[in-house]
Structure formats: C-alpha cells, structure tokens
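File shown: work_6.txt (compact mmCIF, C-alpha atoms).
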```txt
# COMPACT_ATOMS: atom_id res chain seq x y z
CA MET A 1 0.00 0.00 0.00
CA ASN A 2 1.01 3.62 -0.48
CA ASP A 3 2.40 5.41 2.60
CA ALA A 4 3.69 8.82 3.59
CA SER A 5 7.21 8.01 2.40
CA ASN A 6 5.83 7.50 -1.11
CA ALA A 7 3.64 10.60 -1.29
CA ALA A 8 2.94 11.51 -4.90
CA SER A 9 4.99 14.21 -6.63
CA LYS A 10 3.28 15.98 -9.52
CA VAL A 11 5.29 16.12 -12.75
CA PRO A 12 3.54 18.06 -15.56
CA PHE A 13 3.73 17.05 -19.21
CA VAL A 14 2.27 18.10 -22.55
CA LEU A 15 1.63 16.33 -25.83
CA VAL A 16 2.54 18.27 -28.97
CA ASP A 17 1.50 17.22 -32.48
CA VAL A 18 4.42 18.33 -34.65
CA PHE A 19 4.37 19.09 -38.39
CA ALA A 20 0.60 19.41 -38.06
CA GLY A 21 -1.92 22.24 -38.38
CA ARG A 22 -4.53 20.60 -36.14
CA PRO A 23 -4.66 18.14 -33.23
CA LEU A 24 -4.46 14.38 -33.84
CA ALA A 25 -2.27 14.80 -36.92
CA GLY A 26 1.47 15.00 -37.55
CA ASN A 27 3.92 13.33 -35.18
CA PRO A 28 3.17 13.45 -31.45
CA VAL A 29 5.90 14.03 -28.88
CA SER A 30 5.59 13.99 -25.11
CA VAL A 31 7.38 16.95 -23.50
CA VAL A 32 8.27 17.08 -19.80
CA PRO A 33 9.28 20.61 -18.71
CA ASP A 34 11.45 21.59 -15.75
CA ALA A 35 12.98 18.11 -15.64
CA ASP A 36 16.29 18.96 -13.94
CA GLY A 37 15.32 17.13 -10.76
CA LEU A 38 14.36 13.87 -12.47
CA PRO A 39 16.87 11.00 -12.29
CA GLU A 40 17.83 9.49 -15.63
CA ALA A 41 16.20 6.18 -14.67
CA THR A 42 12.90 8.01 -14.15
CA MET A 43 13.25 9.78 -17.52
CA ARG A 44 13.65 6.42 -19.21
CA ALA A 45 10.67 5.00 -17.32
CA ILE A 46 8.50 7.98 -18.29
CA ALA A 47 9.45 7.47 -21.96
CA ARG A 48 8.38 3.83 -21.69
CA GLU A 49 5.13 4.92 -20.03
CA PHE A 50 4.22 7.37 -22.79
CA ASN A 51 5.32 4.96 -25.54
CA GLN A 52 5.78 7.77 -28.09
CA SER A 53 8.60 7.58 -30.61
CA GLU A 54 10.39 10.11 -28.38
CA THR A 55 9.75 11.79 -25.05
CA THR A 56 11.71 15.01 -24.59
CA PHE A 57 12.80 16.51 -21.27
CA VAL A 58 13.47 20.25 -20.94
CA LEU A 59 16.43 21.11 -18.69
CA GLY A 60 18.64 24.03 -17.82
CA ALA A 61 21.72 24.34 -20.04
CA SER A 62 24.98 22.91 -18.74
CA ASP A 63 26.95 24.96 -21.29
CA GLY A 64 26.94 28.71 -20.72
CA ARG A 65 26.61 29.34 -24.46
CA ALA A 66 23.23 27.55 -24.64
CA ASP A 67 19.78 28.76 -23.66
CA VAL A 68 18.27 25.35 -22.91
CA ARG A 69 19.18 21.65 -22.90
CA PHE A 70 17.10 18.75 -24.16
CA ARG A 71 17.29 15.01 -23.56
CA SER A 72 15.10 12.58 -25.50
CA PHE A 73 14.35 8.90 -25.00
CA THR A 74 12.55 6.24 -27.05
CA PRO A 75 9.96 3.73 -25.71
CA THR A 76 12.76 1.24 -25.07
CA GLY A 77 14.56 3.80 -22.90
CA GLU A 78 17.30 4.53 -25.44
CA GLU A 79 18.58 8.10 -25.49
CA VAL A 80 18.65 9.69 -28.96
CA GLY A 81 20.46 12.73 -30.30
CA GLY A 82 19.83 14.90 -33.31
CA ALA A 83 17.27 17.66 -33.82
CA GLY A 84 13.99 16.35 -35.17
CA HIS A 85 10.28 16.55 -34.46
CA ASN A 86 10.86 15.95 -30.75
CA ILE A 87 12.89 19.15 -30.40
CA VAL A 88 10.52 21.16 -32.61
CA GLY A 89 7.71 20.11 -30.27
CA ALA A 90 9.63 21.24 -27.19
CA TRP A 91 10.20 24.71 -28.68
CA ILE A 92 6.52 24.99 -29.62
CA TRP A 93 5.65 24.36 -25.99
CA LEU A 94 8.28 26.83 -24.73
CA ALA A 95 6.84 29.54 -26.97
CA GLY A 96 3.25 28.77 -26.04
CA ALA A 97 4.00 28.68 -22.32
CA GLY A 98 5.60 32.12 -22.38
CA ARG A 99 9.02 30.71 -21.50
CA LEU A 100 10.86 32.65 -24.25
CA PRO A 101 11.94 36.30 -23.91
CA VAL A 102 9.63 38.69 -25.72
CA GLY A 103 11.18 39.90 -28.98
CA GLN A 104 13.92 37.26 -29.08
CA GLU A 105 13.86 34.81 -31.98
CA SER A 106 17.35 33.26 -32.08
CA PHE A 107 18.49 30.72 -29.50
CA VAL A 108 21.11 28.03 -28.94
CA GLN A 109 20.07 24.56 -27.83
CA GLU A 110 22.21 21.93 -26.18
CA ILE A 111 21.61 18.33 -27.29
CA GLY A 112 24.23 15.89 -26.02
CA ASP A 113 27.62 17.42 -26.82
CA ASP A 114 26.22 19.56 -29.64
CA LEU A 115 25.20 23.21 -29.62
CA LEU A 116 22.71 23.95 -32.40
CA ARG A 117 21.06 27.13 -33.60
CA VAL A 118 17.29 27.52 -33.57
CA ARG A 119 14.93 30.31 -34.63
CA VAL A 120 11.41 30.64 -33.24
CA THR A 121 9.07 33.03 -35.04
CA ARG A 122 5.46 33.97 -34.43
CA ALA A 123 3.11 34.94 -37.23
CA GLY A 124 0.80 36.53 -34.68
CA GLY A 125 0.24 36.37 -30.97
CA ALA A 126 1.49 33.89 -28.40
CA ALA A 127 1.06 30.20 -28.92
CA GLY A 128 -1.15 28.20 -26.62
CA PRO A 129 -3.09 24.93 -26.48
CA GLY A 130 -4.55 24.10 -29.86
CA PRO A 131 -3.18 25.70 -33.04
CA ALA A 132 0.12 27.18 -31.99
CA GLY A 133 -0.57 30.86 -32.65
CA GLY A 134 1.55 30.88 -35.81
CA VAL A 135 4.70 29.64 -34.04
CA GLU A 136 7.26 28.27 -36.49
CA VAL A 137 10.52 26.62 -35.48
CA THR A 138 13.59 26.50 -37.73
CA MET A 139 16.53 24.44 -36.49
CA THR A 140 19.99 23.93 -37.89
CA GLN A 141 21.11 20.32 -37.88
CA LEU A 142 24.73 19.21 -38.02
CA VAL A 143 26.69 19.17 -41.29
CA PRO A 144 25.71 15.95 -43.10
CA VAL A 145 28.15 13.07 -42.68
CA ALA A 146 28.13 10.16 -45.14
CA GLY A 147 28.20 6.67 -43.69
CA GLY A 148 27.92 3.15 -45.05
CA VAL A 149 26.59 2.22 -48.48
CA LEU A 150 24.50 -0.92 -48.89
CA PRO A 151 26.52 -3.48 -50.91
CA ALA A 152 24.94 -4.50 -54.20
CA GLY A 153 24.70 -8.09 -52.97
CA ALA A 154 22.61 -7.00 -49.98
CA ARG A 155 19.82 -5.31 -51.96
CA GLY A 156 17.68 -8.43 -52.03
CA GLY A 157 18.04 -8.91 -48.29
CA LEU A 158 17.04 -5.32 -47.55
CA ALA A 159 14.07 -5.53 -49.91
CA GLY A 160 12.94 -8.76 -48.26
CA ALA A 161 13.25 -7.16 -44.81
CA LEU A 162 11.00 -4.34 -46.05
CA GLY A 163 8.47 -6.77 -47.53
CA ILE A 164 9.04 -5.68 -51.14
CA ARG A 165 10.96 -7.01 -54.15
CA ALA A 166 14.50 -6.09 -55.08
CA ALA A 167 13.07 -4.73 -58.36
CA ASP A 168 11.07 -2.22 -56.33
CA LEU A 169 14.26 -0.48 -55.21
CA ALA A 170 15.40 2.48 -57.30
CA GLU A 171 18.75 2.29 -59.10
CA GLY A 172 20.66 4.40 -56.57
CA SER A 173 22.32 2.56 -53.70
CA PRO A 174 20.75 2.84 -50.25
CA ARG A 175 23.20 4.77 -48.10
CA VAL A 176 23.61 6.14 -44.60
CA ILE A 177 23.75 9.89 -43.99
CA SER A 178 23.70 11.56 -40.58
CA THR A 179 22.94 15.09 -39.39
CA GLY A 180 22.95 13.86 -35.80
CA ALA A 181 21.56 10.34 -36.26
CA GLY A 182 22.56 8.03 -39.11
CA HIS A 183 19.69 6.60 -41.16
CA LEU A 184 19.67 4.40 -44.25
CA LEU A 185 18.09 6.41 -47.09
CA THR A 186 16.37 3.91 -49.37
CA GLU A 187 14.75 5.12 -52.58
CA VAL A 188 12.02 3.02 -54.19
CA ARG A 189 10.28 3.38 -57.53
CA SER A 190 6.81 4.69 -56.62
CA ARG A 191 4.41 5.86 -53.94
CA ALA A 192 2.63 2.52 -54.27
CA VAL A 193 5.83 0.73 -53.27
CA VAL A 194 6.30 3.05 -50.27
CA ASP A 195 2.74 2.28 -49.15
CA ARG A 196 3.31 -1.45 -49.65
CA VAL A 197 6.33 -1.64 -47.33
CA SER A 198 5.68 -4.02 -44.42
CA PRO A 199 8.92 -4.61 -42.52
CA ASP A 200 10.10 -7.68 -40.71
CA SER A 201 11.49 -5.85 -37.68
CA ARG A 202 14.17 -8.38 -36.79
CA ARG A 203 15.48 -8.73 -40.35
CA LEU A 204 15.41 -4.96 -40.88
CA ALA A 205 17.29 -4.33 -37.63
CA ASP A 206 19.99 -6.78 -38.73
CA ALA A 207 20.27 -5.09 -42.14
CA LEU A 208 20.57 -1.66 -40.54
CA ARG A 209 23.24 -2.76 -38.07
CA ALA A 210 25.25 -4.23 -40.94
CA VAL A 211 25.65 -0.78 -42.53
CA GLY A 212 25.90 1.21 -39.30
CA ALA A 213 22.43 2.75 -39.53
CA GLU A 214 19.88 3.47 -36.83
CA GLY A 215 16.67 3.73 -38.89
CA CYS A 216 15.47 3.25 -42.47
CA TYR A 217 13.93 6.11 -44.48
CA VAL A 218 12.03 4.66 -47.44
CA TYR A 219 11.12 7.32 -50.00
CA THR A 220 10.20 7.97 -53.59
CA LEU A 221 10.50 11.00 -55.84
CA GLU A 222 7.65 9.80 -58.04
CA THR A 223 4.68 12.17 -57.62
CA GLY A 224 2.19 10.82 -60.14
CA GLU A 225 1.86 14.33 -61.54
CA GLN A 226 2.67 15.63 -65.01
CA GLU A 227 4.31 18.75 -63.60
CA ALA A 228 7.91 18.05 -62.63
CA ARG A 229 8.64 18.96 -59.01
CA VAL A 230 10.68 17.55 -56.15
CA ALA A 231 8.22 16.31 -53.53
CA PRO A 232 9.49 13.19 -51.71
CA TYR A 233 6.98 10.81 -50.18
CA ALA A 234 8.41 8.80 -47.30
CA ARG A 235 8.00 6.38 -44.39
CA PHE A 236 10.42 5.75 -41.52
CA PHE A 237 11.13 2.58 -39.56
CA ASN A 238 13.47 2.19 -36.60
CA PRO A 239 13.22 -1.27 -35.03
CA ILE A 240 16.63 -0.83 -33.35
CA MET A 241 15.19 1.95 -31.16
CA GLY A 242 11.81 0.27 -30.68
CA ILE A 243 9.96 2.51 -33.17
CA PRO A 244 7.86 0.36 -35.56
CA GLU A 245 7.01 3.42 -37.69
CA ASP A 246 7.34 7.17 -37.17
CA PRO A 247 4.89 9.67 -38.74
CA ALA A 248 7.49 12.45 -39.20
CA THR A 249 11.24 12.18 -38.78
CA GLY A 250 13.32 15.35 -38.92
CA THR A 251 16.59 13.47 -38.37
CA ALA A 252 15.88 11.55 -41.59
CA ALA A 253 14.38 14.41 -43.61
CA GLY A 254 17.53 16.51 -43.15
CA PRO A 255 19.87 13.83 -44.53
CA LEU A 256 17.48 13.24 -47.44
CA ALA A 257 17.65 16.91 -48.42
CA ALA A 258 21.45 16.71 -48.32
CA ARG A 259 21.41 13.63 -50.54
CA LEU A 260 19.10 15.27 -53.08
CA VAL A 261 21.46 18.26 -53.31
CA GLU A 262 24.49 15.98 -53.70
CA GLU A 263 22.76 14.05 -56.51
CA GLY A 264 21.76 17.25 -58.32
CA VAL A 265 18.04 16.68 -57.82
CA LEU A 266 17.73 19.78 -55.64
CA ALA A 267 19.61 23.08 -55.76
CA GLN A 268 21.60 23.97 -52.66
CA GLY A 269 19.56 26.37 -50.54
CA ALA A 270 16.26 25.32 -52.11
CA THR A 271 13.48 24.23 -49.77
CA VAL A 272 11.90 20.82 -50.24
CA GLU A 273 8.71 19.63 -48.54
CA ILE A 274 8.62 15.94 -47.59
CA GLU A 275 5.32 14.15 -47.02
CA GLN A 276 5.42 11.45 -44.35
CA GLY A 277 2.98 9.68 -42.05
CA THR A 278 0.17 9.39 -44.59
CA ALA A 279 0.17 5.58 -44.33
CA LEU A 280 -0.44 5.94 -40.58
CA GLY A 281 -3.30 8.39 -41.01
CA ARG A 282 -1.11 11.20 -39.59
CA ARG A 283 -0.04 13.14 -42.68
CA SER A 284 2.96 15.35 -41.94
CA LEU A 285 4.74 17.94 -44.08
CA ILE A 286 8.40 18.56 -43.24
CA ARG A 287 10.28 21.47 -44.79
CA VAL A 288 14.04 21.14 -45.10
CA ARG A 289 16.82 23.12 -46.77
CA ALA A 290 20.39 21.94 -47.33
CA LEU A 291 23.00 24.67 -46.84
CA PRO A 292 26.82 24.60 -46.95
CA ASP A 293 27.07 24.66 -43.14
CA GLY A 294 24.25 22.24 -42.31
CA VAL A 295 20.60 21.47 -42.90
CA GLU A 296 17.69 23.65 -41.80
CA LEU A 297 14.52 21.93 -40.64
CA THR A 298 11.32 23.95 -40.31
CA GLY A 299 8.03 22.98 -38.74
CA SER A 300 5.09 24.05 -36.64
CA GLY A 301 2.56 22.15 -34.60
CA VAL A 302 -0.15 22.20 -31.95
CA VAL A 303 -0.26 21.50 -28.24
CA SER A 304 -2.96 18.83 -28.12
CA ALA A 305 -2.93 17.68 -24.48
CA GLU A 306 -1.71 18.64 -21.02
CA GLY A 307 -1.51 16.52 -17.89
CA VAL A 308 0.27 15.55 -14.70
CA LEU A 309 2.23 12.45 -13.73
CA HIS A 310 1.84 11.37 -10.10
CA LEU A 311 5.21 9.86 -9.15
CA TRP A 312 6.42 8.53 -5.81
CA ALA A 313 9.03 10.37 -3.82
CA ASP A 314 11.74 7.84 -4.62
CA GLN A 315 11.20 8.46 -8.36
CA VAL A 316 11.98 12.20 -8.36
```
Target encoding structure tokens, full file:
Amino acid sequence: MNDASNAASKVPFVLVDVFAGRPLAGNPVSVVPDADGLPEATMRAIAREFNQSETTFVLGASDGRADVRFRSFTPTGEEVGGAGHNIVGAWIWLAGAGRLPVGQESFVQEIGDDLLRVRVTRAGGAAGPGPAGGVEVTMTQLVPVAGGVLPAGARGGLAGALGIRAADLAEGSPRVISTGAGHLLTEVRSRAVVDRVSPDSRRLADALRAVGAEGCYVYTLETGEQEARVAPYARFFNPIMGIPEDPATGTAAGPLAARLVEEGVLAQGATVEIEQGTALGRRSLIRVRALPDGVELTGSGVVSAEGVLHLWADQV
C-alpha cells in the first residue's frame, strides 16, 4: 500500500503534435518541462510509459553558451540525439507557455555534446493549447556526414526485410547519412511501393546494423503528376530503437535533403517539402533546406494535451 514516504509528486507534461496544423495529426511528442530534478532512470521509465517515438525533457543548459538543454528517450529507454520533431515540439511548448523572452527569436540549444542554432518566429500572438498561434521553429542540424553504403549483394536482403521485391528499389544505392543520427536512405520506384512496405522488424534491424544505420527512411521522388517537381513521399522505420514506424522524422528528412542536393536533384539552398505519415493516417509535411554549413529543418505544430504524472518520492 502507499504510505507517507511514497507521497505523490506531480510532474507536468504536454503532448505536442508536430508538423501538423490541427490536433491528432502529424507526429506526437511527449514533453516534460522543468525536468532537472528527475533522475535518468525516471526519464527512461517515463518514456516507456508514454510509448511515443520520443519523449523530450526540458532542462537548464549545462553549457553557458546555450539557452536550454534537451534530452530525448525512445519507448525502449534509449537516449537519442539529433534535432527532429521531438525538439521542434519542445520549442513549440516553450513559446506557447511564455518561456521565451519577448522579442527574441534566435536561441542556442544543447543536445548531447552539440550546440545547435534555432529560430522561433510567431506569425501573430502567443502560442497556446490548440493551433500554436503561428509559431514556427527552424533548427539547424549538423553538417551531413556520409556513412555506409549498402553493398549490391545485400539489396535483395534489404528488400525482403521491407516486404518488397528487389526490383522495387530504385537504381541508386541505399546509403547512410547523418545530421545527428545516421539513417539508411532507401529510394524506391513509386508511392505505391512506399505504401506497400511491411517490414520484418528483426530482419530490418539486422540489415541496418550491418551498414551502421539506426533507422530506415524509405522514400520515392515519383509524384504521379505531369508537372515536374521535387516532392518526396516517405516512411520511416526504426526497429533498433523500438519505433515500428514514425509519422514524421526530422533526423531523416535533413539527410534526405542533403542527398538530393548531392545528386543534383535539388539546388543547394532550395526548400523541399517531404510528405510522411500518410500511411499511418497522420499526414505530416516537413520542410528542409540543405546549406553549406548544415541542414535547416522547419516545422510548426499544436499543443494537443496537457496533464500531470503522479510519481512517488523515490522516483523524483
């Protein structure tokens, strides 16, 4: 039974739907503010409790050059780096809660050992629960780093792990690129193939480990339209981190923009909008721009829920 030594401590949290213009769309992230007093074991347990692709904790900066520090964990309790939808969601909450200085738009965020620039703009008014008052977050990811390339002899194995045929893969080799987290960028021939992907989690995890990747970003450049435009359509799978499928993945969208620039599909500095999450019924639109000194990721979102965790004294 509960006793006085285990009196409940109230820990607030919010749920933010990122890359969405209305609640119950985009990619949800759980955000726990003022988390400096939480032990790491409790952070991991909270992430398992929420079972979102990431749960992000807002902490005071440990580096004097930063304004805020973030730590994020997956449902399996693994800590993840990089600046994706989870960090966009945290900034949307900070803006909506009045935690940012009035008139200031540029900030520095601390994620692991990295200090990254972020810009928070408001189209009008302060953000709050519901549509986020025109708040838009633009973050600079790390300079893209190329990793492993899938060997030609492994294409059939990867295709099988994804539940498609080797002939469904596009001609370019699947390859790993990281702007904070390394993902295997895998182009396929059509939107229909993207929608047909049905991974075998164990086989896909083995294939990803073999090339030094964390997740797999399956995408196509085929739009089904007569007008030529670059509009990738994608899905993301990360069985290694316990994420069956993610509706919107900034740490994969950034590397994809860098790859498209490198391959001459996209001009450097041009913005590309990536559609993801449609297969999950949570359509998300992610805007990214590859620049010489990194990749910019832009998104907005809505605060869709607020609540309180009731934890025991030995958990905080």
Between A:Ile177, A:Val197, A:Leu256, A:Ile286, which has the minimum distance to Ile274 in chain A (counting all atoms listed in the file)?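 Selected residue with least distance to Ile274 in chain A: A:Ile286.
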Selected residue, from A:Arg48, A:His85, A:Arg175, A:Arg189, that lies nearest to Met241 in chain A when counting only C-alpha atoms: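 Using only C-alpha atoms, the shortest distance to Met241 in chain A belongs to A:Arg48.
The space separating CA of Glu78 in chain A from CA of Arg44 in chain A comes to 7.5 Å.
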Report as a VMD selection string all protein, DNA and RNA residues lying within 10 Å of Ala267 in chain A, evaluated on only C-alpha atoms, omitting residues in the same chain fewer than 6 positions from it. chain A and resid 257 to 258 260 to 261 289 to 291
With distances taken over only C-alpha atoms, which of A:Glu187, A:Glu171, A:Asp63, A:Asp114 is nearest to Thr140 in chain A?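 For Thr140 in chain A, the nearest of the candidates is A:Asp114.
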What's around range 295-305 of chain A at 8 Å? Count all atoms listed in the file, leave out sequence neighbours fewer than 2 positions away in its own chain, and write the answer as a ChimeraX atom specification. /A:14-24,26,84,88-89,92-93,128-132,134-144,179,250,254-255,257-258,286-291,293,307
What does the distance between CA of Thr249 in chain A and CA of Ser30 in chain A come to in Å, to one decimal place?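 CA of Ser30 in chain A lies at a distance of 14.9 Å from CA of Thr249 in chain A.
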So, counting all atoms listed in the file, which residue among A:Gln268, A:Glu275, A:Val176, A:Asp206 is closest to Thr223 in chain A?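 Selected residue with least distance to Thr223 in chain A: A:Glu275.
CA of Pro292 in chain A is positioned 23.5 Å from CA of Ser173 in chain A.
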Fewer than 5 positions away in the same chain doesn't count, so skip those; otherwise give me all residues within 7 Å of Arg282 in chain A, counting all atoms listed in the file, as a PDB file with C-alpha atoms, in the coordinates of the input.
```
ATOM      1  CA  ALA A  25      -2.270  14.800 -36.920  1.00  0.00           C
ATOM      2  CA  GLY A  26       1.470  15.000 -37.550  1.00  0.00           C
ATOM      3  CA  PRO A 247       4.890   9.670 -38.740  1.00  0.00           C
ATOM      4  CA  GLY A 277       2.980   9.680 -42.050  1.00  0.00           C
TER       5      GLY A 277
END
```
List every protein, DNA or RNA residue with an atom no more than 9 Å from (16.7, -0.3, -55.3) in the file's coordinates, counting all atoms listed in the file, and format the result as a list of chain:residue names.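 Every residue inside that radius is included here: A:Arg155, A:Gly156, A:Ala159, A:Arg165, A:Ala166, A:Ala167, A:Asp168, A:Leu169, A:Ala170, A:Glu171, A:Gly172, A:Ser173, A:Pro174, A:Thr186, A:Glu187, A:Val188, A:Arg189.
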With all atoms listed in the file as the counted atoms, please give the residues lying no more than 7 Å from Ala234 in chain A, apart from itself and same-chain residues fewer than 2 positions off, as a count of residues only. 9
Find the residues near Asn86 in chain A: any atom within 8 Å, counting only C-alpha atoms, skip ones fewer than 3 places away on the same chain, and give them as number ranges by chain. A: 18, 29-30, 54-56, 72, 83, 89-90
